[in-house]
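Working notes, beginning with the structure itself.
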Amino acid sequence: MTRPTTARSLVLVVTTALAAAALAVPAQAHHRGSAGSPPVVTPRAETPVLHDDDAGGNADADDPAIWRNAAAPGRSLVIATAKEGGLRVYDLDARPVQSIAAPPAAGPDDAPGRFNNVDLVQGLRLSTGRADLAVTSDRGHDRLRFYRIDRDRPGGPLTDVTDPAAPAVFSRDQAEVNDQRTAYGLATWTDPASGTSFALVSRRERTSITLLELLPAAGGKVTYRTVRTLDLPATFRLPDGTSWAPCGEPGELPQVEGMVVDPANGTLYAGQEDIGIWRLRADLTGTPRLVDKVREYGVPGVYDEETEECTPGADPGFGGTRISSDVEGLTLLTESDGDGYLLASSQGDNTFAAYDRELADHNEYEGGFRVAPASAALDGSEECDGAAALNAPLGSKYPHGLLVVQDGHDAPGDGDRPATNFKFVDLGLVLTALDD
């Protein structure tokens with residue numbers, strides 16, 4: 001989660017939903033919001049809470065991915081990052097299946113491993129045969145990590161298959177790694193023409209996105225090589241002719257985290273947190289185009305070194321109307337006929353925005369929704385970092401598919417301890433909400 005600033009309006013909305021009487025699992029619901037507010041959906045389940053403190057192993061829920069078990073869809077998995085807490089694997093009841101620690105620091109004064117984002121690659125050709133992989137960005141070491149998925153392997157479904165010689169993504173040496181302008185956001189993509197698989201990785205506190213080709217290494221391991229890098233803008237020309245850059249700590253540029261590639265056409269969507277959503281070719285050629293801007297786009301701000309916050313100035317009215325910074329958690333809700341939605345977490349107002357997936361419709365805005373509490377014990381999602389949608393049957397629990405969203409403030413919580421987790425939402429409820 002990015003640093004909070006007063007320039008980002010945070011609206012914490014708690015919506016009460018009815019719990020199912022005499023049922024062990026709280027009822028799921030979808031209903032219209034009040035006038036001017038988006039429809040509401042409620043989760044069916046949530047993962048155990050993670051605590052980002054020493055007692056909790058500095059585990060902080062961030063980004064999920066959904067792996068579908070084609071042979072037994074009801075035994076599919078959710079694989080999620082927990083930053084310094086490593087990786088967590090959950091079943092469809094949101095119960096823990098496996099926990100993988102992030103790699104230790106290279107030395108006593110170096111940064112520890114920190115898993116930021118995760119995505120999947122299906123059927124990657126390894127030296128030992130094809131395999132499904134979970135790929136994660138290790139921000140602490142500026143590297144990608146690869147985990148083979150074998151659902152019924154004794155000891156857990158994930159096995160580390162990272163080539164020990166895999167290079168740093170952006171850094172030239174350990175000193176640069178320790179500066180932590182390192183691998184951050186992540187999306188995978190397989191080119192249907194060549195069958196080659198890639199990872200697109202953004203850089204923390206910079207505007208860079210790099211394209212990495214995934215390569216087999218000896219012994220069933222995986223490595224990568226850099227193909228090309230693209231830098232998104234850091235400053236912007238406003239309609240009144242002035243130049244603007246979002247307020248932030250000196251030296252920090254507006255970074256990208258949430259990213260997703262549409263496999264049908266090789267389109268990359270990238271969320272530049274304080275700017276908006278970009279659309280560009282996944283091979284990083286051509287010219288990026290802004291699909292939508294955050295509300296705060298164009299708002300001047302003054303950074304206060306003492307409080308480490310920004311004080312916003314007057315809004316000149318050049319921003320968008322649908323998403324509020326930070327824009328994060330991009331995921332695709334695909335449909336078999338080629339239709340579907342690009343979903344984006346509007347972190348600043350705890351909502352999700354949906355855009356038409358089809359390029360011919362210019363990614364038109366299609367509406368939004370909020371993930372609200374299902375009961376006093378099962379809350380909704382606030383300040384959502386990461387999200388993943390899969391529109392495919394997942395057994396009897398999720399016959400219409402699944403949406404998993406991060407919750408940045410799990411309730412009721414545990415005193416003042418930071419508390420995060422993931423919520424599981426019936427995707428059918430989301431489709432109904434967007435169709436209303």
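Identifiers in this document derive from the order of the structure tokens: chains are assigned A, B, ..., residues are numbered from 1 separately in each chain, and ligands are numbered from 1 in order of occurrence.
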Long-range neighbours of Arg151 in chain A as a ChimeraX atom specification, 12 Å cut-off, only C-alpha atoms, 2 positions minimum in chain: /A:67-79,89-91,97-98,131-133,147-149,153-159
Spatial neighbours of Ser37 in chain A, max dist 10 Å, only C-alpha atoms, sep filter under 5 positions, as a PyMOL selection string: chain A and resi 32+351+368-370
Which of A:Asn178, A:Thr229, A:Thr128, A:Ser336 sits closest to Ala106 in chain A [using only C-alpha atoms]: A:Asn178
DSSP alpha helix (DSSP H) residues within range 78-206 of chain A, as a ChimeraX atom specification: /A:174-179
Close residues, range 54-60 of chain A itself excluded, 8 Å, only C-alpha atoms, min 3 positions apart in chain, as a list in words: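 The neighbour list is Leu50, His51, Thr81, Ala82, Lys83, Glu84, Gly85, Gly86, Ala419, Thr420 and Asn421 of chain A.
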Every residue of range 17-247 of chain A that DSSP places in strand (DSSP E), as an MDAnalysis selection string: chainID A and resid 30:31 40:41 45:46 50:51 64:67 77:81 87:90 96:100 115:126 129:138 143:149 158:160 183:190 197:203 208:216 222:231 236:237 243:244
Nearest residue to Gly367 in chain A from the set A:Val161, A:Ala175, A:Ala344, A:Ala270 (distances using only C-alpha atoms): A:Ala344
Residue with smallest distance to Leu284 in chain A - pool A:Tyr297, A:Tyr184, A:Phe198, A:Phe146, counting only C-alpha atoms: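 Using only C-alpha atoms, the shortest distance to Leu284 in chain A belongs to A:Phe198.
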Range 253-260 of chain A surroundings by only C-alpha atoms, 8 Å radius, close-in-sequence under 5 positions cut, as JSON, numbers by chain: {"A": [184, 185, 186, 187, 188, 202, 203, 204, 205, 206, 207, 208, 209, 234, 246, 248, 268, 269, 270, 271, 272, 273, 274, 275, 327, 328, 329, 330, 331, 332, 386]}
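Pairwise distance (CA of Ala282 in chain A, CA of Glu358 in chain A) equals 15.7 Å.
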Among the residues A:Thr223, A:Thr182, A:Thr196, A:Ser99, the one that comes closest to Val135 in chain A [using only C-alpha atoms]: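 Ranked by minimum distance to Val135 in chain A, first place goes to A:Thr223.
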Gap from CA of Asn350 in chain A to CA of Ala94 in chain A - Å, one decimal: 21.9 Å
